[in-house]
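J.: For reference, the file final.txt (compact mmCIF, C-alpha atoms) is included below:
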# COMPACT_ATOMS: atom_id res chain seq x y z
CA MET A 289 9.60 -11.11 49.23
CA VAL A 290 12.98 -10.32 47.73
CA VAL A 291 13.13 -13.70 46.01
CA ALA A 292 9.59 -13.25 44.66
CA GLY A 293 10.47 -9.78 43.34
CA VAL A 294 13.69 -10.97 41.73
CA LEU A 295 11.98 -13.96 40.09
CA LEU A 296 9.13 -11.79 38.83
CA GLY A 297 11.65 -9.30 37.47
CA PHE A 298 13.61 -11.88 35.52
CA ALA A 299 10.42 -13.57 34.29
CA TRP A 300 8.97 -10.26 33.12
CA ASN A 301 12.25 -9.39 31.43
CA ALA A 302 12.30 -12.72 29.60
CA TRP A 303 8.68 -12.94 28.49
CA SER A 304 7.11 -9.50 28.43
CA GLY A 305 8.66 -8.44 25.14
CA ARG A 306 9.87 -5.26 26.86
CA GLY A 307 12.98 -6.79 28.39
CA LEU A 308 16.57 -5.79 27.91
CA THR A 309 19.58 -7.96 27.14
CA LEU A 310 21.24 -8.50 30.51
CA ALA A 311 24.77 -8.49 29.15
CA GLY A 312 24.11 -5.65 26.72
CA ASN A 313 24.09 -1.89 26.81
CA ALA A 314 20.62 -0.52 27.52
CA PHE A 315 21.34 2.38 25.17
CA ILE A 316 21.17 -0.10 22.30
CA ARG A 317 17.75 -1.52 21.56
CA PRO A 318 17.34 -5.31 21.36
CA GLY A 319 18.24 -6.52 17.89
CA GLU A 320 19.73 -3.19 16.94
CA HIS A 321 23.19 -3.06 15.37
CA LEU A 322 25.23 -0.06 16.43
CA GLU A 323 29.00 -0.29 16.65
CA GLU A 324 30.49 0.66 20.01
CA ILE A 325 34.22 1.17 20.49
CA ASP A 326 36.34 1.91 23.55
CA ALA A 327 38.83 4.75 23.96
CA LEU A 328 41.77 2.62 22.81
CA GLU A 329 40.08 1.71 19.55
CA ALA A 330 38.90 5.30 19.16
CA LYS A 331 42.49 6.50 19.47
CA ARG A 332 43.59 3.98 16.83
CA ARG A 333 40.96 5.34 14.47
CA PHE A 334 41.86 8.90 15.44
CA ASP A 335 45.48 8.22 14.46
CA ARG A 336 44.29 6.71 11.17
CA GLY A 337 42.41 9.92 10.41
CA ALA A 338 38.87 9.01 11.44
CA LEU A 339 36.44 11.90 11.65
CA PHE A 340 34.93 12.53 15.07
CA PHE A 341 31.56 14.15 15.85
CA ASP A 342 30.57 15.66 19.18
CA ALA A 343 26.89 14.97 19.89
CA ARG A 344 26.70 17.16 23.00
CA PRO A 345 25.10 20.61 23.07
CA LEU A 346 27.31 23.32 21.53
CA ASP A 347 28.22 24.89 24.86
CA PHE A 348 29.88 21.67 25.96
CA TYR A 349 31.73 21.42 22.67
CA GLY A 350 33.29 24.81 23.32
CA LEU A 351 34.51 23.77 26.75
CA SER A 352 36.37 20.72 25.51
CA HIS A 353 36.30 18.37 22.54
CA ILE A 354 38.42 15.83 20.73
CA PRO A 355 40.81 17.65 18.36
CA GLY A 356 39.35 17.78 14.88
CA ALA A 357 35.88 16.75 16.03
CA ARG A 358 32.97 18.57 14.42
CA PRO A 359 30.04 19.74 16.55
CA PHE A 360 26.98 17.59 15.83
CA PRO A 361 24.54 18.41 18.64
CA GLU A 362 21.88 15.74 18.89
CA ASN A 363 19.33 18.34 19.99
CA ASP A 364 19.80 20.11 16.65
CA PHE A 365 20.31 17.08 14.44
CA ASP A 366 18.62 18.31 11.25
CA ALA A 367 20.56 21.56 11.05
CA ALA A 368 23.83 19.82 11.88
CA PHE A 369 23.17 17.14 9.29
CA SER A 370 22.45 19.71 6.58
CA ARG A 371 25.69 21.48 7.41
CA LEU A 372 27.81 18.34 7.58
CA GLU A 373 26.16 16.15 4.93
CA PRO A 374 28.89 16.54 2.27
CA LEU A 375 31.56 15.69 4.84
CA LEU A 376 29.60 12.77 6.22
CA LYS A 377 29.12 11.26 2.78
CA SER A 378 32.74 11.69 1.77
CA ARG A 379 34.21 9.76 4.71
CA PHE A 380 33.85 6.17 5.86
CA ASP A 381 35.53 6.17 9.25
CA LEU A 382 33.22 8.14 11.52
CA VAL A 383 33.06 8.16 15.32
CA VAL A 384 30.44 9.95 17.39
CA TYR A 385 30.68 10.65 21.10
CA CYS A 386 28.92 12.55 23.88
CA THR A 387 29.63 12.49 27.59
CA SER A 388 29.70 9.37 29.70
CA LEU A 389 26.54 7.25 29.79
CA CYS A 390 24.56 9.66 27.69
CA ASP A 391 22.13 8.84 24.91
CA ALA A 392 23.04 11.59 22.44
CA SER A 393 25.78 9.68 20.61
CA HIS A 394 23.51 6.67 20.18
CA GLN A 395 20.71 8.88 18.89
CA VAL A 396 23.00 10.54 16.36
CA ALA A 397 24.48 7.20 15.23
CA ARG A 398 20.95 5.78 14.95
CA ARG A 399 19.68 8.67 12.85
CA LEU A 400 22.79 8.61 10.66
CA ARG A 401 22.29 4.88 10.13
CA ASP A 402 18.72 5.60 9.02
CA LYS A 403 20.24 7.88 6.39
CA GLY A 404 22.64 5.15 5.26
CA ILE A 405 25.72 6.48 7.09
CA HIS A 406 27.65 4.30 9.52
CA ALA A 407 29.21 5.88 12.59
CA ALA A 408 30.82 4.06 15.53
CA ILE A 409 30.01 5.19 19.08
CA LEU A 410 32.74 5.94 21.60
CA VAL A 411 31.53 4.18 24.77
CA ASP A 412 31.70 6.41 27.85
CA GLY A 413 32.31 9.34 25.53
CA LEU A 414 34.70 12.18 26.17
CA PRO A 415 35.48 11.17 29.81
CA ALA A 416 36.80 7.81 28.55
CA TRP A 417 38.95 9.68 26.04
CA THR A 418 40.39 12.09 28.60
CA ASP A 419 40.81 9.36 31.25
CA ALA A 420 42.97 7.51 28.75
CA GLY A 421 45.20 10.60 28.54
CA HIS A 422 44.29 11.50 24.97
CA PRO A 423 44.36 15.16 23.89
CA VAL A 424 41.42 17.56 23.91
CA ARG A 425 40.92 21.05 22.58
CA GLU A 426 38.94 24.06 23.84
CA GLY A 427 36.92 26.55 21.82
CA GLN A 428 34.52 26.48 18.93
CA GLU A 429 37.11 25.57 16.29
CA PRO A 430 37.59 21.87 15.50
CA MET B 228 2.18 7.96 73.12
CA ARG B 229 -0.97 5.93 72.83
CA VAL B 230 -1.95 7.33 69.45
CA LEU B 231 1.21 5.88 67.91
CA ARG B 232 -0.23 2.41 68.44
CA HIS B 233 -3.57 3.23 66.86
CA PRO B 234 -4.23 0.62 64.15
CA LEU B 235 -5.78 3.23 61.89
CA LEU B 236 -2.54 5.22 61.91
CA HIS B 237 -0.57 2.10 60.97
CA TRP B 238 -3.01 1.26 58.18
CA ALA B 239 -2.90 4.80 56.80
CA LEU B 240 0.91 4.97 56.87
CA ALA B 241 1.28 1.50 55.37
CA ILE B 242 -1.15 2.25 52.54
CA GLY B 243 0.50 5.60 51.82
CA LEU B 244 4.01 4.14 51.84
CA GLY B 245 2.92 1.11 49.84
CA ALA B 246 1.14 3.24 47.25
CA ALA B 247 4.27 5.38 46.86
CA PHE B 248 6.39 2.29 46.20
CA VAL B 249 3.91 0.72 43.80
CA TYR B 250 3.61 4.03 41.93
CA ALA B 251 7.40 4.32 41.83
CA SER B 252 7.72 0.85 40.32
CA VAL B 253 5.15 0.95 37.49
CA ASP B 254 7.08 3.09 35.01
CA LYS B 255 10.32 1.24 35.67
CA ILE B 256 8.66 -2.13 35.12
CA ALA B 257 7.13 -0.94 31.86
CA LYS B 258 10.43 0.42 30.51
CA PRO B 259 13.36 -1.53 31.99
CA ALA B 260 15.87 -0.24 29.43
CA GLU B 261 15.09 3.36 30.37
CA PHE B 262 15.47 2.53 34.05
CA ALA B 263 18.76 0.72 33.33
CA LYS B 264 20.15 3.97 31.90
CA ILE B 265 19.28 5.70 35.17
CA VAL B 266 20.95 2.90 37.16
CA TYR B 267 24.07 3.36 35.01
CA SER B 268 24.18 7.04 35.90
CA TYR B 269 24.72 6.25 39.61
CA ARG B 270 27.85 4.19 38.73
CA LEU B 271 27.32 2.04 41.79
CA VAL B 272 27.21 -1.38 40.11
CA GLY B 273 28.70 -0.54 36.74
CA PRO B 274 28.70 -0.55 33.88
CA GLY B 275 32.44 -0.74 33.74
CA GLN B 276 35.26 -2.73 32.25
CA SER B 277 35.44 -5.10 35.20
CA LEU B 278 31.71 -5.44 35.92
CA GLY B 279 30.28 -5.18 32.43
CA TYR B 280 26.58 -4.46 32.09
CA VAL B 281 25.11 -7.47 33.88
CA PRO B 282 24.96 -6.20 37.51
CA ALA B 283 23.40 -2.85 36.54
CA ASN B 284 20.94 -4.46 34.13
CA ALA B 285 20.00 -7.17 36.63
CA LEU B 286 19.35 -4.50 39.25
CA ALA B 287 17.26 -2.49 36.79
CA VAL B 288 15.19 -5.54 35.92
CA THR B 289 14.57 -6.78 39.47
CA LEU B 290 14.56 -3.75 41.77
CA PRO B 291 11.20 -2.33 40.54
CA TRP B 292 9.53 -5.69 41.13
CA VAL B 293 10.89 -5.89 44.66
CA GLU B 294 9.52 -2.38 45.21
CA ALA B 295 6.16 -3.42 43.78
CA VAL B 296 5.90 -6.59 45.90
CA ALA B 297 6.81 -4.72 49.09
CA GLY B 298 4.39 -1.91 48.24
CA LEU B 299 1.52 -4.27 47.48
CA LEU B 300 2.03 -6.16 50.73
CA LEU B 301 1.98 -2.89 52.66
CA ILE B 302 -1.26 -1.86 50.97
CA LEU B 303 -2.86 -5.24 51.60
CA GLY B 304 -1.63 -5.40 55.18
CA LEU B 305 0.07 -8.77 54.65
CA TRP B 306 3.41 -9.30 56.43
CA ARG B 307 3.28 -5.59 57.05
CA ARG B 308 6.26 -5.36 59.38
CA GLU B 309 8.40 -7.54 57.14
CA ALA B 310 7.39 -5.50 54.09
CA ALA B 311 8.17 -2.29 55.98
CA ALA B 312 11.57 -3.72 56.94
CA LEU B 313 12.25 -4.49 53.28
CA VAL B 314 11.20 -0.98 52.28
CA SER B 315 13.57 0.36 54.95
CA ALA B 316 16.39 -1.68 53.45
CA LEU B 317 15.55 -0.40 49.97
CA LEU B 318 15.54 3.18 51.20
CA VAL B 319 18.94 2.68 52.84
CA VAL B 320 20.24 1.39 49.50
CA PHE B 321 18.78 4.46 47.75
CA LEU B 322 20.41 6.71 50.34
CA ILE B 323 23.77 5.02 49.78
CA ALA B 324 23.37 5.35 46.01
CA VAL B 325 22.51 9.05 46.19
CA GLY B 326 25.10 9.77 48.88
CA GLN B 327 27.96 8.13 47.01
CA ALA B 328 26.98 9.98 43.82
CA LEU B 329 27.08 13.29 45.68
CA LEU B 330 30.37 12.48 47.41
CA ARG B 331 32.02 11.36 44.18
CA GLY B 332 30.70 14.38 42.31
CA ILE B 333 28.72 12.26 39.89
CA GLY B 334 25.99 14.32 38.28
CA VAL B 335 22.80 12.24 38.36
CA GLU B 336 20.32 14.38 36.43
CA ASN B 337 17.40 12.03 36.92
CA CYS B 338 17.07 10.29 40.27
CA GLY B 339 14.62 7.72 38.87
CA CYS B 340 12.90 7.76 42.22
CA PHE B 341 9.21 8.17 41.40
CA GLY B 342 8.93 6.84 37.89
CA LEU B 343 11.36 7.33 35.06
CA GLY B 344 10.91 11.08 35.01
CA GLY B 345 12.10 11.27 38.59
CA GLY B 346 9.78 14.21 39.05
CA GLY B 347 12.38 16.20 37.14
CA ARG B 348 14.79 15.86 40.04
CA GLY B 349 18.39 14.79 40.20
CA ALA B 350 20.26 13.24 43.07
CA GLY B 351 20.66 15.93 45.71
CA LEU B 352 20.18 16.89 49.33
CA LEU B 353 16.41 17.37 48.91
CA LEU B 354 16.13 13.81 47.69
CA ILE B 355 18.11 12.60 50.70
CA LEU B 356 15.71 14.45 53.01
CA GLU B 357 12.71 12.89 51.24
CA ASP B 358 14.21 9.43 51.55
CA LEU B 359 14.95 10.01 55.22
CA GLY B 360 11.30 10.99 55.73
CA LEU B 361 10.11 7.81 54.05
CA LEU B 362 12.68 5.84 56.04
CA ALA B 363 11.26 7.26 59.26
CA VAL B 364 7.80 6.01 58.26
CA SER B 365 9.03 2.57 57.23
CA LEU B 366 11.07 2.16 60.42
CA PHE B 367 8.05 3.23 62.46
CA LEU B 368 5.97 0.52 60.79
CA THR B 369 8.76 -2.00 61.31
CA LEU B 370 9.47 -1.31 64.95
CA MET B 371 6.15 -0.16 66.42
CA THR B 372 3.55 -2.82 67.02
CA PRO B 373 0.00 -1.54 66.47
CA ALA B 374 -2.71 -2.35 68.95
CA ALA B 375 -5.43 -4.74 67.84
CA TRP B 376 -8.73 -3.08 66.98
CA ALA B 377 -10.48 -5.01 69.75
CA ASP B 378 -7.90 -3.94 72.33
CA TRP B 379 -7.74 -0.35 71.23
CA ARG B 380 -10.23 1.00 73.78
CA HIS B 381 -8.56 -0.90 76.62
CA ILE B 382 -5.02 0.37 76.23
CA ASP B 383 -3.94 2.39 79.21
CA GLY B 384 -2.10 5.60 78.66
CA PRO B 385 -1.90 9.19 79.74
CA ASP B 386 -4.06 10.39 76.85
CA ARG B 387 -6.61 7.59 77.04
CA ALA B 388 -10.00 8.51 75.59
CA LEU B 389 -12.74 8.99 78.13
Written as structure tokens, how would this file's structure read?
T.:
Amino acid sequence: MVVAGVLLGFAWNAWSGRGLTLAGNAFIRPGEHLEEIDALEAKRRFDRGALFFDARPLDFYGLSHIPGARPFPENDFDAAFSRLEPLLKSRFDLVVYCTSLCDASHQVARRLRDKGIHAAILVDGLPAWTDAGHPVREGQEP
Amino acid sequence: MRVLRHPLLHWALAIGLGAAFVYASVDKIAKPAEFAKIVYSYRLVGPGQSLGYVPANALAVTLPWVEAVAGLLLILGLWRREAAALVSALLVVFLIAVGQALLRGIGVENCGCFGLGGGGRGAGLLLILEDLGLLAVSLFLTLMTPAAWADWRHIDGPDRAL
């Protein structure tokens, strides 16, 4: 029974057209190109002056965020984009994050890409950043 | 108790349990990537730097089919005790997954238990109680042998029908 289920699962994944890439992140759709970076690379870019965006709801931003990061809540994308558009279009090194294993950063990066703006995604989000011992800031100011 | 060996009771419980598992599997089979995200949230088999994405993705791809096969066999009454034993094992795995998430303080917002919506429930004590209830049913079907229909009227017992 287990063997039958496992074989059916792998067969369905391979041939149904709905499958996912086994070695890939399920947050990224098959064939989609979104750049993901880890906390170490994010820190390198941070030190080089990259601009960070926090895709979590505003309340979470106030509790803790990467210093200098701008709030860019995925659940209010259009308003945030209107507010940040000049900044987004004036910079090339952008990084977006949310919390760990959340979809918001991917959604923001995806919608920015659709508008011709490239943003890398910090994998595992703010927890990866704090676990690596990098600084955070509280409050509504970047 | 004599009624616990009634074949109709075993059929009813097996069909109910099987239907629950088949129902639980359909959404996950249709959208494996969405289910993979839920598997990630338990942090039991990755993703992580050492494990990568493969174990969690492989589990997301295969687990719903194992659920579906076990559920279908329960509904059809084929290898019922073996299917019930497999469902028991799956429920123990679910209990471990939910329990470790609670103990480690991992917030699982969507349990992924009955379809991708999870009935709007996260991993919590209520879910553990539900799983324990289902586990009681599956263990009953695994351990208790039903009487044959033909023998049903001849089984002796304190509450035997007149």
J.: Using only C-alpha atoms and a cut-off of 9 Å, which residues of chain A sit close to chain B? Please list them as a list of chain:residue names.
T.: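 My answer is A:Met289, A:Val290, A:Val291, A:Ala292, A:Gly293, A:Val294, A:Leu295, A:Leu296, A:Gly297, A:Phe298, A:Trp300, A:Asn301, A:Arg306, A:Gly307, A:Leu308, A:Thr309, A:Leu310, A:Ala311, A:Gly312, A:Asn313, A:Ala314, A:Phe315, A:Ile316, A:Arg317, A:Ser388, A:Leu389, A:Cys390, A:Asp391.
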J.: For Val325 (chain B), which residue out of B:Ala312, B:Leu343, B:Leu354, B:Leu303 is the nearest one, using all atoms listed in the file?
T.: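 Closest residue, counting all atoms listed in the file: B:Leu354.
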J.: Counting only C-alpha atoms, which residues come within 6 Å of (28.7, 5.5, 9.9), with the point read in the file's coordinates, and could you list them as a ChimeraX atom specification?
T.: /A:382,405-407
J.: Between A:Ser370, A:Thr387, A:Ser378, A:Ser352, which has the minimum distance to Ala416 (chain A) (counting only C-alpha atoms)?
T.: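 Counting only C-alpha atoms, the residue closest to Ala416 (chain A) is A:Thr387.
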J.: Between B:Ala363, B:Ser252, B:Met371, B:Leu322, which one has atoms that come closest to Gly351 (chain B), using all atoms listed in the file?
T.: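 Using all atoms listed in the file, Gly351 (chain B) sits closest to B:Leu322.
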J.: One decimal, Å: what's the distance from CA of Phe367 (chain B) over to CA of Leu231 (chain B), could you say?
T.: 9.1 Å
J.: List the spatial neighbours of Phe334 (chain A) as an NGL selection string - criterion: any atom at most 10 Å away, all atoms listed in the file, same-chain residues fewer than 5 positions off excluded.
T.: :A and (327-329 or 339-340 or 354-357 or 381-383)
J.: Just the number, please: distance in Å from CA of Gly360 (chain B) to CA of Ala324 (chain B), one decimal.
T.: 16.5 Å
J.: Nearest residue to Val266 (chain B) out of B:Ala328, B:Leu235, B:Val249, B:Ile242, using only C-alpha atoms?
T.: B:Ala328
J.: Just the number, please: distance in Å from CA of Asp358 (chain B) to CA of Tyr269 (chain B), one decimal.
T.: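 A separation of 16.2 Å between them.
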J.: Neighbouring residues of Glu324 (chain A) were defined as those with any atom within 9 Å, considering all atoms listed in the file; residues of the same chain fewer than 6 positions away were excluded. Please report them as a ChimeraX atom specification.
T.: /A:408-411
J.: Closest to Ala241 (chain B) among B:Ile302, B:Leu278, B:Ala374, B:Ala350, using only C-alpha atoms?
T.: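 Of the candidates, the smallest distance to Ala241 (chain B) is held by B:Ile302.
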J.: Once you count all atoms listed in the file, which residues end up no further than 12 Å from (-1.4, 6.2, 64.6) in the file's frame, shown as a CSV table (one decimal) with C-alpha atoms, keeping the file's coordinate frame?
T.:
chain,number,residue,atom,x,y,z
B,228,MET,CA,2.2,8.0,73.1
B,229,ARG,CA,-1.0,5.9,72.8
B,230,VAL,CA,-2.0,7.3,69.4
B,231,LEU,CA,1.2,5.9,67.9
B,232,ARG,CA,-0.2,2.4,68.4
B,233,HIS,CA,-3.6,3.2,66.9
B,234,PRO,CA,-4.2,0.6,64.2
B,235,LEU,CA,-5.8,3.2,61.9
B,236,LEU,CA,-2.5,5.2,61.9
B,237,HIS,CA,-0.6,2.1,61.0
B,238,TRP,CA,-3.0,1.3,58.2
B,239,ALA,CA,-2.9,4.8,56.8
B,240,LEU,CA,0.9,5.0,56.9
B,241,ALA,CA,1.3,1.5,55.4
B,364,VAL,CA,7.8,6.0,58.3
B,367,PHE,CA,8.0,3.2,62.5
B,368,LEU,CA,6.0,0.5,60.8
B,371,MET,CA,6.2,-0.2,66.4
B,372,THR,CA,3.6,-2.8,67.0
B,373,PRO,CA,0.0,-1.5,66.5
B,374,ALA,CA,-2.7,-2.4,69.0
B,379,TRP,CA,-7.7,-0.4,71.2
